file run_34.cif (mmCIF, C-alpha atoms)
data_model
loop_
_atom_site.label_atom_id
_atom_site.label_comp_id
_atom_site.auth_asym_id
_atom_site.auth_seq_id
_atom_site.Cartn_x
_atom_site.Cartn_y
_atom_site.Cartn_z
CA MET O 889 0.00 0.00 0.00
CA SER O 890 1.28 3.51 -0.84
CA VAL O 891 1.99 6.09 1.86
CA LYS O 892 -1.12 8.01 0.79
CA GLY O 893 -3.18 4.81 0.93
CA GLU O 894 -1.85 4.00 4.41
CA ARG O 895 -2.77 7.48 5.61
CA ARG O 896 -6.29 7.13 4.28
CA ALA O 897 -6.63 3.76 6.02
CA ALA O 898 -5.30 5.30 9.25
CA VAL O 899 -7.78 8.19 9.11
CA ARG O 900 -10.62 5.72 8.54
CA PHE O 901 -9.51 3.63 11.51
CA ILE O 902 -9.28 6.65 13.82
CA PHE O 903 -12.72 7.69 12.60
CA VAL O 904 -14.14 4.25 13.43
CA THR O 905 -12.31 4.20 16.78
CA ILE O 906 -13.87 7.48 17.85
CA LEU O 907 -17.25 6.40 16.47
CA LEU O 908 -17.23 3.19 18.51
CA ASP O 909 -15.88 4.98 21.57
CA ALA O 910 -18.80 7.41 21.43
CA ALA O 911 -21.23 4.58 20.73
CA GLY O 912 -19.95 2.71 23.77
CA ILE O 913 -20.60 5.76 25.93
CA GLY O 914 -23.86 6.56 24.15
CA VAL O 915 -25.46 3.17 24.79
CA LEU O 916 -25.18 3.85 28.52
CA ILE O 917 -26.60 7.39 28.74
CA PRO O 918 -30.30 6.61 28.08
CA VAL O 919 -30.33 3.61 30.44
CA LEU O 920 -27.96 4.74 33.19
CA PRO O 921 -30.75 6.16 35.40
CA ASP O 922 -32.49 2.75 35.21
CA VAL O 923 -29.20 0.97 36.01
CA LEU O 924 -28.82 3.13 39.12
CA ARG O 925 -32.46 2.53 40.09
CA ARG O 926 -31.49 -1.11 40.65
CA PHE O 927 -29.93 0.15 43.88
CA SER O 928 -32.40 2.93 44.81
CA SER O 929 -35.35 4.59 43.08
CA GLU O 930 -35.09 7.86 45.03
CA PRO O 931 -34.78 10.73 42.48
CA ALA O 932 -32.09 12.55 44.48
CA PHE O 933 -30.04 9.34 44.68
CA VAL O 934 -30.27 8.80 40.92
CA SER O 935 -29.34 12.42 40.09
CA ARG O 936 -26.39 12.44 42.49
CA TRP O 937 -24.92 9.10 41.45
CA PHE O 938 -25.57 9.79 37.76
CA GLY O 939 -23.19 12.75 37.98
CA LEU O 940 -20.64 10.84 40.04
CA PHE O 941 -20.72 7.91 37.61
CA ILE O 942 -19.78 10.27 34.78
CA GLY O 943 -17.27 12.10 36.98
CA VAL O 944 -15.26 9.04 38.01
CA TYR O 945 -14.77 8.13 34.34
CA ALA O 946 -13.50 11.65 33.68
CA PHE O 947 -11.18 11.57 36.70
CA MET O 948 -9.49 8.40 35.47
CA GLN O 949 -9.11 9.95 32.02
CA PHE O 950 -7.52 12.95 33.69
CA ALA O 951 -4.96 10.73 35.42
CA ALA O 952 -4.29 8.38 32.49
CA SER O 953 -4.21 10.71 29.48
CA PRO O 954 -0.68 12.14 29.95
CA VAL O 955 0.57 8.63 30.69
CA LEU O 956 -0.83 7.19 27.47
CA GLY O 957 0.22 10.26 25.50
CA SER O 958 3.82 10.09 26.71
CA LEU O 959 3.99 6.32 26.27
CA SER O 960 2.81 6.73 22.69
CA ASP O 961 5.63 9.27 22.11
CA ARG O 962 8.06 6.62 23.39
CA HIS O 963 6.69 3.34 22.00
CA GLY O 964 4.54 4.48 19.08
CA ARG O 965 0.83 5.15 18.67
CA ARG O 966 -0.29 1.75 17.37
CA PRO O 967 0.44 -0.55 20.37
CA ILE O 968 -0.96 1.91 22.92
CA LEU O 969 -4.13 2.50 20.93
CA LEU O 970 -4.82 -1.19 20.32
CA SER O 971 -4.11 -2.13 23.94
CA SER O 972 -6.58 0.46 25.20
CA LEU O 973 -9.30 -0.86 22.86
CA LEU O 974 -8.85 -4.40 24.16
CA GLY O 975 -8.86 -3.15 27.74
CA ALA O 976 -12.11 -1.24 27.17
CA ALA O 977 -13.86 -4.38 25.92
CA VAL O 978 -12.88 -6.25 29.09
CA ASP O 979 -13.94 -3.33 31.31
CA TYR O 980 -17.43 -3.07 29.85
CA LEU O 981 -17.95 -6.80 30.46
CA PHE O 982 -16.87 -6.25 34.06
CA MET O 983 -19.48 -3.52 34.45
CA ALA O 984 -22.16 -5.67 32.83
CA PHE O 985 -21.98 -8.21 35.60
CA ALA O 986 -21.11 -6.00 38.59
CA PRO O 987 -23.60 -7.01 41.33
CA THR O 988 -23.13 -3.95 43.56
CA LEU O 989 -22.88 -0.18 43.14
CA PRO O 990 -19.22 -0.03 44.32
CA LEU O 991 -18.19 -2.69 41.79
CA LEU O 992 -20.08 -0.83 39.07
CA PHE O 993 -17.96 2.22 39.90
CA VAL O 994 -14.75 0.17 39.91
CA GLY O 995 -15.54 -0.98 36.39
CA ARG O 996 -16.26 2.57 35.31
CA ALA O 997 -12.96 3.74 36.79
CA ILE O 998 -11.02 1.09 34.87
CA SER O 999 -12.95 2.03 31.73
CA GLY O 1000 -11.80 5.62 32.23
CA LEU O 1001 -8.18 4.45 32.14
CA THR O 1002 -8.63 2.87 28.73
CA GLY O 1003 -10.92 5.71 27.60
CA ALA O 1004 -7.87 7.97 27.58
CA ARG O 1005 -7.17 6.51 24.12
CA MET O 1006 -8.60 9.74 22.70
CA THR O 1007 -5.13 11.15 23.48
CA VAL O 1008 -3.42 8.69 21.19
CA ALA O 1009 -6.12 8.92 18.52
CA SER O 1010 -5.73 12.71 18.37
CA SER O 1011 -1.93 12.40 18.24
CA TYR O 1012 -2.24 9.91 15.40
CA MET O 1013 -4.56 12.22 13.48
CA ALA O 1014 -2.14 15.12 13.91
CA ALA O 1015 0.72 12.95 12.62
CA VAL O 1016 -1.06 12.01 9.39
CA SER O 1017 -2.27 15.58 8.69
CA ASP O 1018 -0.74 18.72 7.22
CA ASP O 1019 -1.81 22.36 6.86
CA THR O 1020 -4.09 21.50 3.94
CA ASN O 1021 -6.23 18.95 5.76
CA ARG O 1022 -5.62 19.29 9.51
CA SER O 1023 -8.92 21.00 10.35
CA ALA O 1024 -10.82 18.61 8.10
CA ASN O 1025 -9.17 15.58 9.71
CA PHE O 1026 -9.89 16.82 13.21
CA GLY O 1027 -13.41 17.39 11.96
CA MET O 1028 -13.48 13.66 11.18
CA ILE O 1029 -12.89 13.02 14.88
CA GLY O 1030 -15.95 15.11 15.65
CA ALA O 1031 -17.92 13.39 12.91
CA GLY O 1032 -16.98 9.99 14.31
CA TRP O 1033 -18.10 11.15 17.74
CA GLY O 1034 -21.36 12.41 16.28
CA LEU O 1035 -22.08 9.19 14.39
CA GLY O 1036 -21.27 7.23 17.53
CA PHE O 1037 -23.98 9.20 19.26
CA ILE O 1038 -26.36 8.25 16.48
CA ILE O 1039 -25.68 4.55 16.94
CA GLY O 1040 -25.04 4.43 20.69
CA PRO O 1041 -28.09 6.08 22.29
CA MET O 1042 -30.47 4.46 19.84
CA LEU O 1043 -28.87 1.08 20.49
CA GLY O 1044 -28.94 1.71 24.24
CA GLY O 1045 -32.62 2.63 24.13
CA MET O 1046 -33.46 -0.53 22.17
CA LEU O 1047 -31.27 -2.80 24.30
CA SER O 1048 -32.81 -1.51 27.52
CA SER O 1049 -35.75 -3.84 26.88
CA LEU O 1050 -33.35 -6.81 27.12
CA GLY O 1051 -32.18 -5.93 30.61
CA PRO O 1052 -29.69 -3.63 32.33
CA THR O 1053 -26.59 -5.62 31.30
CA ALA O 1054 -27.31 -5.62 27.56
CA PRO O 1055 -25.94 -2.10 26.79
CA PHE O 1056 -22.66 -2.91 28.57
CA ILE O 1057 -22.26 -6.15 26.61
CA ALA O 1058 -22.93 -4.26 23.38
CA ALA O 1059 -20.26 -1.66 24.27
CA ALA O 1060 -17.77 -4.46 24.96
CA ALA O 1061 -18.52 -6.08 21.61
CA LEU O 1062 -18.04 -2.79 19.74
CA ASN O 1063 -14.62 -2.20 21.27
CA LEU O 1064 -13.52 -5.79 20.64
CA LEU O 1065 -14.54 -5.56 16.99
CA ASN O 1066 -12.55 -2.36 16.59
CA PHE O 1067 -9.49 -3.97 18.19
CA VAL O 1068 -9.60 -6.79 15.64
CA TYR O 1069 -10.11 -4.28 12.82
CA GLY O 1070 -7.09 -2.27 13.96
CA LEU O 1071 -4.85 -5.32 14.04
CA PHE O 1072 -5.21 -5.58 10.28
CA VAL O 1073 -5.41 -2.00 9.00
CA LEU O 1074 -3.57 0.33 11.40
CA PRO O 1075 0.03 1.24 10.50
CA GLU O 1076 2.40 2.95 12.92
CA SER O 1077 2.51 6.73 12.48
CA LEU O 1078 5.61 7.53 14.58
CA SER O 1079 8.87 6.21 13.14
CA PRO O 1080 11.50 4.87 15.60
CA GLU O 1081 13.89 7.75 14.99
CA ARG O 1082 11.23 10.29 15.97
CA ARG O 1083 10.40 8.67 19.29
CA ARG O 1084 11.69 10.16 22.51
CA LYS O 1085 12.51 9.08 26.01
CA VAL O 1086 9.98 10.08 28.64
CA SER O 1087 10.25 10.41 32.39
CA ALA O 1088 7.78 9.68 35.15
CA ARG O 1089 7.53 13.42 35.84
CA GLU O 1090 6.11 14.01 32.36
CA MET O 1091 3.24 11.63 33.12
CA ASN O 1092 2.00 13.69 36.05
CA PRO O 1093 -1.35 15.16 34.91
CA LEU O 1094 -1.01 18.25 37.10
CA ARG O 1095 2.48 18.94 35.77
CA SER O 1096 1.37 18.46 32.17
CA ILE O 1097 -1.54 20.87 32.63
CA ALA O 1098 0.69 23.42 34.36
CA ARG O 1099 3.10 23.20 31.44
CA ILE O 1100 0.50 23.90 28.75
CA LEU O 1101 -1.01 26.71 30.85
CA ALA O 1102 2.36 28.45 31.15
CA PRO O 1103 2.45 31.89 29.47
CA SER O 1104 2.81 31.55 25.70
CA GLY O 1105 1.53 33.03 22.48
CA PHE O 1106 -1.36 30.60 22.31
CA VAL O 1107 -2.24 29.89 25.97
CA VAL O 1108 -5.54 31.71 25.38
CA PHE O 1109 -6.55 28.82 23.12
CA ILE O 1110 -5.78 26.35 25.91
CA TRP O 1111 -8.22 28.19 28.19
CA LEU O 1112 -10.78 28.26 25.40
CA TYR O 1113 -10.39 24.49 25.02
CA PHE O 1114 -11.14 24.04 28.73
CA LEU O 1115 -14.21 26.30 28.71
CA VAL O 1116 -15.62 24.78 25.52
CA PHE O 1117 -15.13 21.28 26.89
CA LEU O 1118 -16.72 22.24 30.22
CA SER O 1119 -19.84 23.75 28.65
CA GLY O 1120 -20.09 20.95 26.08
CA GLN O 1121 -20.41 18.35 28.85
CA ILE O 1122 -23.92 19.63 29.57
CA HIS O 1123 -25.42 17.15 27.06
CA PRO O 1124 -24.01 13.88 28.48
CA VAL O 1125 -24.48 15.14 32.05
CA ASN O 1126 -27.92 16.74 31.88
CA TRP O 1127 -29.80 15.75 28.71
CA THR O 1128 -31.35 12.56 30.12
CA LEU O 1129 -32.31 14.09 33.47
CA TYR O 1130 -33.62 17.27 31.83
CA THR O 1131 -35.78 15.64 29.17
CA GLU O 1132 -37.14 12.98 31.52
CA THR O 1133 -38.08 15.62 34.09
CA LYS O 1134 -39.42 18.36 31.83
CA PHE O 1135 -40.97 16.40 28.96
CA GLY O 1136 -41.50 12.95 30.50
CA TRP O 1137 -39.36 11.22 27.86
CA THR O 1138 -38.70 7.47 28.07
CA PRO O 1139 -35.23 5.87 27.58
CA TRP O 1140 -36.21 5.15 23.98
CA GLN O 1141 -37.15 8.80 23.36
CA VAL O 1142 -33.94 9.98 25.02
CA GLY O 1143 -31.90 7.60 22.88
CA LEU O 1144 -33.67 8.73 19.72
CA SER O 1145 -33.11 12.41 20.52
CA LEU O 1146 -29.41 11.86 21.29
CA SER O 1147 -29.08 10.00 18.01
CA PHE O 1148 -30.46 13.08 16.27
CA VAL O 1149 -27.86 15.18 18.10
CA GLY O 1150 -25.25 12.78 16.73
CA VAL O 1151 -26.57 13.08 13.18
CA MET O 1152 -26.34 16.85 13.24
CA ILE O 1153 -22.87 16.90 14.85
CA ALA O 1154 -21.63 14.39 12.27
CA ILE O 1155 -22.98 16.51 9.42
CA ALA O 1156 -21.45 19.67 10.88
CA GLN O 1157 -18.02 18.31 11.78
CA GLY O 1158 -17.68 15.84 8.92
CA GLY O 1159 -19.07 18.11 6.20
CA LEU O 1160 -19.57 21.74 7.17
CA THR O 1161 -16.11 21.96 8.78
CA ARG O 1162 -14.59 21.37 5.34
CA VAL O 1163 -16.52 24.37 4.04
CA ILE O 1164 -16.81 26.82 6.94
CA VAL O 1165 -13.25 26.65 8.28
CA PRO O 1166 -11.51 27.24 4.90
CA TYR O 1167 -14.03 30.01 4.09
CA LEU O 1168 -13.81 31.88 7.41
CA GLY O 1169 -10.33 30.82 8.49
CA GLU O 1170 -9.62 28.96 11.73
CA ARG O 1171 -9.81 31.96 14.06
CA LYS O 1172 -13.08 33.38 12.70
CA ALA O 1173 -14.60 29.89 12.60
CA LEU O 1174 -13.66 29.50 16.26
CA THR O 1175 -15.35 32.80 17.19
CA PHE O 1176 -18.45 31.85 15.20
CA GLY O 1177 -18.64 28.46 16.94
CA LEU O 1178 -18.32 29.97 20.42
CA ALA O 1179 -21.23 32.30 19.72
CA GLU O 1180 -23.30 29.33 18.54
CA TYR O 1181 -22.55 27.50 21.78
CA ALA O 1182 -23.69 30.40 23.96
CA VAL O 1183 -26.95 31.03 22.10
CA SER O 1184 -27.86 27.36 21.63
CA PHE O 1185 -27.49 26.39 25.29
CA ALA O 1186 -29.67 29.35 26.30
CA LEU O 1187 -32.35 28.16 23.86
CA PHE O 1188 -32.21 24.62 25.27
CA ALA O 1189 -32.75 26.09 28.74
CA VAL O 1190 -36.03 27.77 27.83
CA ALA O 1191 -37.52 25.18 25.43
CA SER O 1192 -41.14 24.59 26.45
CA ARG O 1193 -42.03 21.65 24.16
CA GLY O 1194 -40.14 18.46 23.37
CA TRP O 1195 -40.12 19.10 19.62
CA MET O 1196 -38.28 22.37 20.22
CA MET O 1197 -35.24 20.41 21.40
CA TYR O 1198 -34.92 18.95 17.91
CA ALA O 1199 -35.20 22.35 16.25
CA ILE O 1200 -32.56 23.82 18.55
CA VAL O 1201 -30.22 20.89 17.87
CA VAL O 1202 -30.22 21.84 14.16
CA PHE O 1203 -29.09 25.36 15.08
CA PHE O 1204 -26.64 24.01 17.68
CA SER O 1205 -24.95 21.76 15.13
CA LEU O 1206 -23.27 24.77 13.52
CA SER O 1207 -21.12 25.02 16.66
CA GLY O 1208 -19.47 21.81 15.45
CA VAL O 1209 -16.76 23.87 13.75
CA THR O 1210 -15.44 25.00 17.14
CA MET O 1211 -13.32 22.05 18.25
CA PRO O 1212 -11.79 21.15 14.85
CA ALA O 1213 -10.66 24.76 14.38
CA LEU O 1214 -9.34 24.96 17.93
CA GLN O 1215 -7.50 21.61 17.78
CA SER O 1216 -5.94 22.52 14.45
CA ILE O 1217 -4.67 25.83 15.86
CA LEU O 1218 -3.08 24.05 18.82
CA ALA O 1219 -1.59 21.14 16.84
CA LYS O 1220 0.25 23.49 14.47
CA HIS O 1221 2.46 24.75 17.29
CA VAL O 1222 3.85 21.40 18.49
CA PRO O 1223 6.45 19.17 16.76
CA ALA O 1224 5.58 15.59 15.78
CA ASP O 1225 7.50 13.94 18.63
CA ARG O 1226 5.50 15.94 21.21
CA GLN O 1227 2.00 15.57 19.78
CA GLY O 1228 1.32 12.77 22.27
CA GLU O 1229 2.35 15.03 25.13
CA LEU O 1230 0.17 17.88 23.85
CA GLN O 1231 -2.87 15.73 23.16
CA GLY O 1232 -2.44 13.97 26.51
CA SER O 1233 -2.38 17.33 28.26
CA LEU O 1234 -5.46 18.48 26.36
CA VAL O 1235 -7.37 15.30 27.14
CA SER O 1236 -6.37 15.67 30.80
CA LEU O 1237 -7.64 19.25 30.72
CA GLY O 1238 -10.85 18.04 29.08
CA ALA O 1239 -11.14 15.27 31.67
CA LEU O 1240 -10.73 17.87 34.43
CA ALA O 1241 -13.63 19.76 32.85
CA SER O 1242 -15.56 16.48 32.73
CA ILE O 1243 -14.97 15.99 36.45
CA LEU O 1244 -16.21 19.48 37.26
CA ALA O 1245 -19.18 19.36 34.87
CA PRO O 1246 -21.29 16.70 36.64
CA LEU O 1247 -20.49 18.23 40.01
CA LEU O 1248 -21.67 21.60 38.74
CA PHE O 1249 -24.51 20.78 36.35
CA THR O 1250 -26.23 18.02 38.34
CA ARG O 1251 -26.22 20.18 41.46
CA VAL O 1252 -27.67 23.15 39.61
CA PHE O 1253 -30.31 20.84 38.14
CA MET O 1254 -31.13 19.31 41.55
CA HIS O 1255 -31.34 22.74 43.20
CA TYR O 1256 -33.91 24.06 40.72
CA THR O 1257 -36.00 20.87 40.53
CA ARG O 1258 -36.41 20.24 44.28
CA PRO O 1259 -40.03 20.03 45.45
CA GLU O 1260 -39.32 22.94 47.81
CA ALA O 1261 -37.49 25.06 45.20
CA ALA O 1262 -38.69 28.66 45.11
CA THR O 1263 -38.36 28.61 41.30
CA TRP O 1264 -38.81 25.33 39.41
CA PHE O 1265 -36.48 25.66 36.44
CA PRO O 1266 -35.12 22.38 34.97
CA GLY O 1267 -33.23 24.37 32.31
CA ALA O 1268 -30.99 26.09 34.86
CA ALA O 1269 -28.01 23.83 34.10
CA TYR O 1270 -28.27 24.61 30.37
CA LEU O 1271 -28.36 28.31 31.17
CA CYS O 1272 -25.22 27.79 33.25
CA ALA O 1273 -23.53 26.15 30.23
CA SER O 1274 -24.57 29.13 28.10
CA LEU O 1275 -22.90 31.53 30.54
CA ILE O 1276 -19.66 29.50 30.45
CA SER O 1277 -19.71 29.61 26.64
CA ALA O 1278 -20.31 33.35 26.76
CA CYS O 1279 -17.22 33.69 28.96
CA ALA O 1280 -15.21 31.77 26.36
CA LEU O 1281 -16.52 34.01 23.58
CA THR O 1282 -15.63 37.11 25.61
CA LEU O 1283 -12.10 35.79 26.20
CA ARG O 1284 -11.68 35.18 22.47
CA LEU O 1285 -12.91 38.68 21.57
CA LEU O 1286 -10.62 40.29 24.17
CA HIS O 1287 -7.57 38.52 22.67
CA PRO O 1288 -8.11 38.73 18.92
CA ARG O 1289 -4.39 38.75 18.15
CA ALA O 1290 -3.46 35.62 20.13
CA ARG O 1291 -1.00 33.62 18.01
CA ALA O 1292 -2.80 31.06 15.83
#
call {"tool": "encode", "arguments": {"input": "run_34.cif", "output": "structure tokens"}}
result
Amino acid sequence: MSVKGERRAAVRFIFVTILLDAAGIGVLIPVLPDVLRRFSSEPAFVSRWFGLFIGVYAFMQFAASPVLGSLSDRHGRRPILLSSLLGAAVDYLFMAFAPTLPLLFVGRAISGLTGARMTVASSYMAAVSDDTNRSANFGMIGAGWGLGFIIGPMLGGMLSSLGPTAPFIAAAALNLLNFVYGLFVLPESLSPERRRKVSAREMNPLRSIARILAPSGFVVFIWLYFLVFLSGQIHPVNWTLYTETKFGWTPWQVGLSLSFVGVMIAIAQGGLTRVIVPYLGERKALTFGLAEYAVSFALFAVASRGWMMYAIVVFFSLSGVTMPALQSILAKHVPADRQGELQGSLVSLGALASILAPLLFTRVFMHYTRPEAATWFPGAAYLCASLISACALTLRLLHPRARA
């Protein structure tokens, strides 16, 4: 196979990896409240543990991402990526048969360790990209994520009728299939002469975050990444709770709606990114996307009918240009042998946002949906996400000349 052919195969594999990763997560979101109700049906219990279940996964990603990123700089992307896929399949099976709540959380924690493969996948995508296709290729990551959320929630909603273990078994099967696929089609992207020695200090997530937050010409974009990731977590954290509470949606309806979100994200990041980013340029596309985030989340907060959520999702999908433009800007400033370090630091930063998001959004939701609440407002968490996005937009507008 030619070098160009190998690169195309690699991009397809990364696309499928991200798709199946998102599908594995997506199958759980519609049914997770019912899984937790096996241990208690109290609404406050379900809301609290729902957020913690998502948070523990993010915490393990936070800890593991710089480790996997640095190891991939040392040993290559292929073995680390394939190992994490195999580990994820085993972890989901563990969760499927966990008989107690603590064991369910242990499985989720282990799954978070292997879920840090996004670090290596992003590093791989940066390695097989250049200035002509970097934004488009990072858009493929978003498109894979979006398509995964088409397949995953719909599959989770359908499998819920087979019992609480079925979605976990399906997630395990998806990851195992991708592992086998990668064995045959995935070439190594980092040649031996471009690998580097790494130390234990470089694998410290706090140290890696401190390093990328050090003053530089593009540190503003690092902060934007954190704020965008934090606000974007509102969907996985709050969508199920919000739509069940406000509109009385069933797991099947939640799964169907999240699949629609996935369709629109896939269209935006897989297709519109290739048009909007070259037309506007990366920096203007980023500003446009941040504005879309702020307005869309505010609209979600005040939607009064279930069908409105679908209409707002169409508008929200235009914000899909945000992350590809932002990741392309950041990747341009780092040499090939440090892409793993950069992407590991970014995933750790995103994981930190994912830890904070359920703690913030579920508590805001619980506060404004309590029986004794002075103002019953289930959309409060979405309004909170809108304010965070508005802060990111303001930061971007106050630093228009940040190096990109």
call {"tool": "resolve_selection", "arguments": {"input": "run_34.cif", "expression": "the PyMOL selection byres ((chain O and resi 996) around 12)", "output": "PyMOL selection string"}}
result
chain O and resi 913+916+940-949+976-984+986+989-995+997-1003+1056
call {"tool": "atom_distance", "arguments": {"input": "run_34.cif", "atom1": "atom CA of Leu1174 of chain O", "atom2": "atom CA of Asp909 of chain O"}}
result
25.2 Å
call {"tool": "closest_residue", "arguments": {"input": "run_34.cif", "among": "O:Thr1138, O:Ser1119, O:Ser929, O:Ser1277", "to": "Glu1180 of chain O", "atoms": "all atoms listed in the file"}}
result
O:Ser1277
call {"tool": "resolve_selection", "arguments": {"input": "run_34.cif", "expression": "the PyMOL selection byres ((chain O and resi 1205) around 10)", "output": "PyMOL selection string"}}
result
chain O and resi 1149-1157+1160+1177+1180-1181+1184+1200-1204+1206-1209
call {"tool": "write_last_selection", "arguments": {"input": "run_34.cif", "atoms": "C-alpha atoms", "output": "JSON list (two decimals), keeping the file's coordinate frame"}}
result
[["chain", "number", "residue", "atom", "x", "y", "z"],
["O", 1149, "VAL", "CA", -27.86, 15.18, 18.10],
["O", 1150, "GLY", "CA", -25.25, 12.78, 16.73],
["O", 1151, "VAL", "CA", -26.57, 13.08, 13.18],
["O", 1152, "MET", "CA", -26.34, 16.85, 13.24],
["O", 1153, "ILE", "CA", -22.87, 16.90, 14.85],
["O", 1154, "ALA", "CA", -21.63, 14.39, 12.27],
["O", 1155, "ILE", "CA", -22.98, 16.51, 9.42],
["O", 1156, "ALA", "CA", -21.45, 19.67, 10.88],
["O", 1157, "GLN", "CA", -18.02, 18.31, 11.78],
["O", 1160, "LEU", "CA", -19.57, 21.74, 7.17],
["O", 1177, "GLY", "CA", -18.64, 28.46, 16.94],
["O", 1180, "GLU", "CA", -23.30, 29.33, 18.54],
["O", 1181, "TYR", "CA", -22.55, 27.50, 21.78],
["O", 1184, "SER", "CA", -27.86, 27.36, 21.63],
["O", 1200, "ILE", "CA", -32.56, 23.82, 18.55],
["O", 1201, "VAL", "CA", -30.22, 20.89, 17.87],
["O", 1202, "VAL", "CA", -30.22, 21.84, 14.16],
["O", 1203, "PHE", "CA", -29.09, 25.36, 15.08],
["O", 1204, "PHE", "CA", -26.64, 24.01, 17.68],
["O", 1206, "LEU", "CA", -23.27, 24.77, 13.52],
["O", 1207, "SER", "CA", -21.12, 25.02, 16.66],
["O", 1208, "GLY", "CA", -19.47, 21.81, 15.45],
["O", 1209, "VAL", "CA", -16.76, 23.87, 13.75]]
call {"tool": "atom_distance", "arguments": {"input": "run_34.cif", "atom1": "atom CA of Arg1284 of chain O", "atom2": "atom CA of Phe1188 of chain O"}}
result
23.3 Å
call {"tool": "residues_around", "arguments": {"input": "run_34.cif", "residues": "Glu1170 of chain O", "least_positions_apart": "3", "cutoff": "12 Å", "atoms": "only C-alpha atoms", "output": "CSV table (one decimal) with C-alpha atoms, keeping the file's coordinate frame"}}
result
chain,number,residue,atom,x,y,z
O,1019,ASP,CA,-1.8,22.4,6.9
O,1022,ARG,CA,-5.6,19.3,9.5
O,1023,SER,CA,-8.9,21.0,10.4
O,1024,ALA,CA,-10.8,18.6,8.1
O,1109,PHE,CA,-6.6,28.8,23.1
O,1161,THR,CA,-16.1,22.0,8.8
O,1162,ARG,CA,-14.6,21.4,5.3
O,1163,VAL,CA,-16.5,24.4,4.0
O,1164,ILE,CA,-16.8,26.8,6.9
O,1165,VAL,CA,-13.2,26.6,8.3
O,1166,PRO,CA,-11.5,27.2,4.9
O,1167,TYR,CA,-14.0,30.0,4.1
O,1173,ALA,CA,-14.6,29.9,12.6
O,1174,LEU,CA,-13.7,29.5,16.3
O,1175,THR,CA,-15.4,32.8,17.2
O,1176,PHE,CA,-18.4,31.8,15.2
O,1177,GLY,CA,-18.6,28.5,16.9
O,1209,VAL,CA,-16.8,23.9,13.8
O,1210,THR,CA,-15.4,25.0,17.1
O,1211,MET,CA,-13.3,22.0,18.2
O,1212,PRO,CA,-11.8,21.2,14.8
O,1213,ALA,CA,-10.7,24.8,14.4
O,1214,LEU,CA,-9.3,25.0,17.9
O,1215,GLN,CA,-7.5,21.6,17.8
O,1216,SER,CA,-5.9,22.5,14.4
O,1217,ILE,CA,-4.7,25.8,15.9
O,1218,LEU,CA,-3.1,24.0,18.8
O,1220,LYS,CA,0.2,23.5,14.5
O,1291,ARG,CA,-1.0,33.6,18.0
O,1292,ALA,CA,-2.8,31.1,15.8
call {"tool": "residues_around", "arguments": {"input": "run_34.cif", "residues": "Leu924 of chain O", "least_positions_apart": "2", "cutoff": "10 Å", "atoms": "all atoms listed in the file", "output": "list in words"}}
result
Val919, Leu920, Pro921, Asp922, Arg926, Phe927, Ser928, Ser929, Glu930, Phe933, Val934, Ser935, Trp937, Phe938, Phe941, Leu989, Leu992 and Pro1052 of chain O
call {"tool": "atom_distance", "arguments": {"input": "run_34.cif", "atom1": "atom CA of Arg1095 of chain O", "atom2": "atom CA of Gly939 of chain O"}}
result
26.5 Å
call {"tool": "residues_around", "arguments": {"input": "run_34.cif", "residues": "Gln1141 of chain O", "least_positions_apart": "2", "cutoff": "12 Å", "atoms": "all atoms listed in the file", "output": "mmCIF file with C-alpha atoms, keeping the file's coordinate frame"}}
result
data_model
loop_
_atom_site.group_PDB
_atom_site.id
_atom_site.type_symbol
_atom_site.label_atom_id
_atom_site.label_comp_id
_atom_site.auth_asym_id
_atom_site.auth_seq_id
_atom_site.Cartn_x
_atom_site.Cartn_y
_atom_site.Cartn_z
ATOM 1 C CA ILE O 917 -26.600 7.390 28.740
ATOM 2 C CA PRO O 918 -30.300 6.610 28.080
ATOM 3 C CA VAL O 919 -30.330 3.610 30.440
ATOM 4 C CA PRO O 1041 -28.090 6.080 22.290
ATOM 5 C CA MET O 1042 -30.470 4.460 19.840
ATOM 6 C CA LEU O 1043 -28.870 1.080 20.490
ATOM 7 C CA GLY O 1044 -28.940 1.710 24.240
ATOM 8 C CA GLY O 1045 -32.620 2.630 24.130
ATOM 9 C CA MET O 1046 -33.460 -0.530 22.170
ATOM 10 C CA SER O 1048 -32.810 -1.510 27.520
ATOM 11 C CA TRP O 1127 -29.800 15.750 28.710
ATOM 12 C CA THR O 1128 -31.350 12.560 30.120
ATOM 13 C CA THR O 1131 -35.780 15.640 29.170
ATOM 14 C CA GLU O 1132 -37.140 12.980 31.520
ATOM 15 C CA PHE O 1135 -40.970 16.400 28.960
ATOM 16 C CA GLY O 1136 -41.500 12.950 30.500
ATOM 17 C CA TRP O 1137 -39.360 11.220 27.860
ATOM 18 C CA THR O 1138 -38.700 7.470 28.070
ATOM 19 C CA PRO O 1139 -35.230 5.870 27.580
ATOM 20 C CA GLY O 1143 -31.900 7.600 22.880
ATOM 21 C CA LEU O 1144 -33.670 8.730 19.720
ATOM 22 C CA SER O 1145 -33.110 12.410 20.520
ATOM 23 C CA LEU O 1146 -29.410 11.860 21.290
ATOM 24 C CA SER O 1147 -29.080 10.000 18.010
ATOM 25 C CA PHE O 1148 -30.460 13.080 16.270
ATOM 26 C CA GLY O 1194 -40.140 18.460 23.370
ATOM 27 C CA TRP O 1195 -40.120 19.100 19.620
ATOM 28 C CA MET O 1197 -35.240 20.410 21.400
ATOM 29 C CA TYR O 1198 -34.920 18.950 17.910
#
call {"tool": "residues_near_point", "arguments": {"input": "run_34.cif", "point": "(-11.7, 28.9, 31.1)", "cutoff": "12 Å", "atoms": "only C-alpha atoms", "output": "list in words"}}
result
Leu1101, Val1107, Val1108, Phe1109, Ile1110, Trp1111, Leu1112, Tyr1113, Phe1114, Leu1115, Val1116, Phe1117, Leu1118, Ser1119, Leu1237, Gly1238, Leu1240, Ala1241, Leu1275, Ile1276, Ser1277, Ala1278, Cys1279, Ala1280, Leu1281, Thr1282, Leu1283 and Arg1284 of chain O
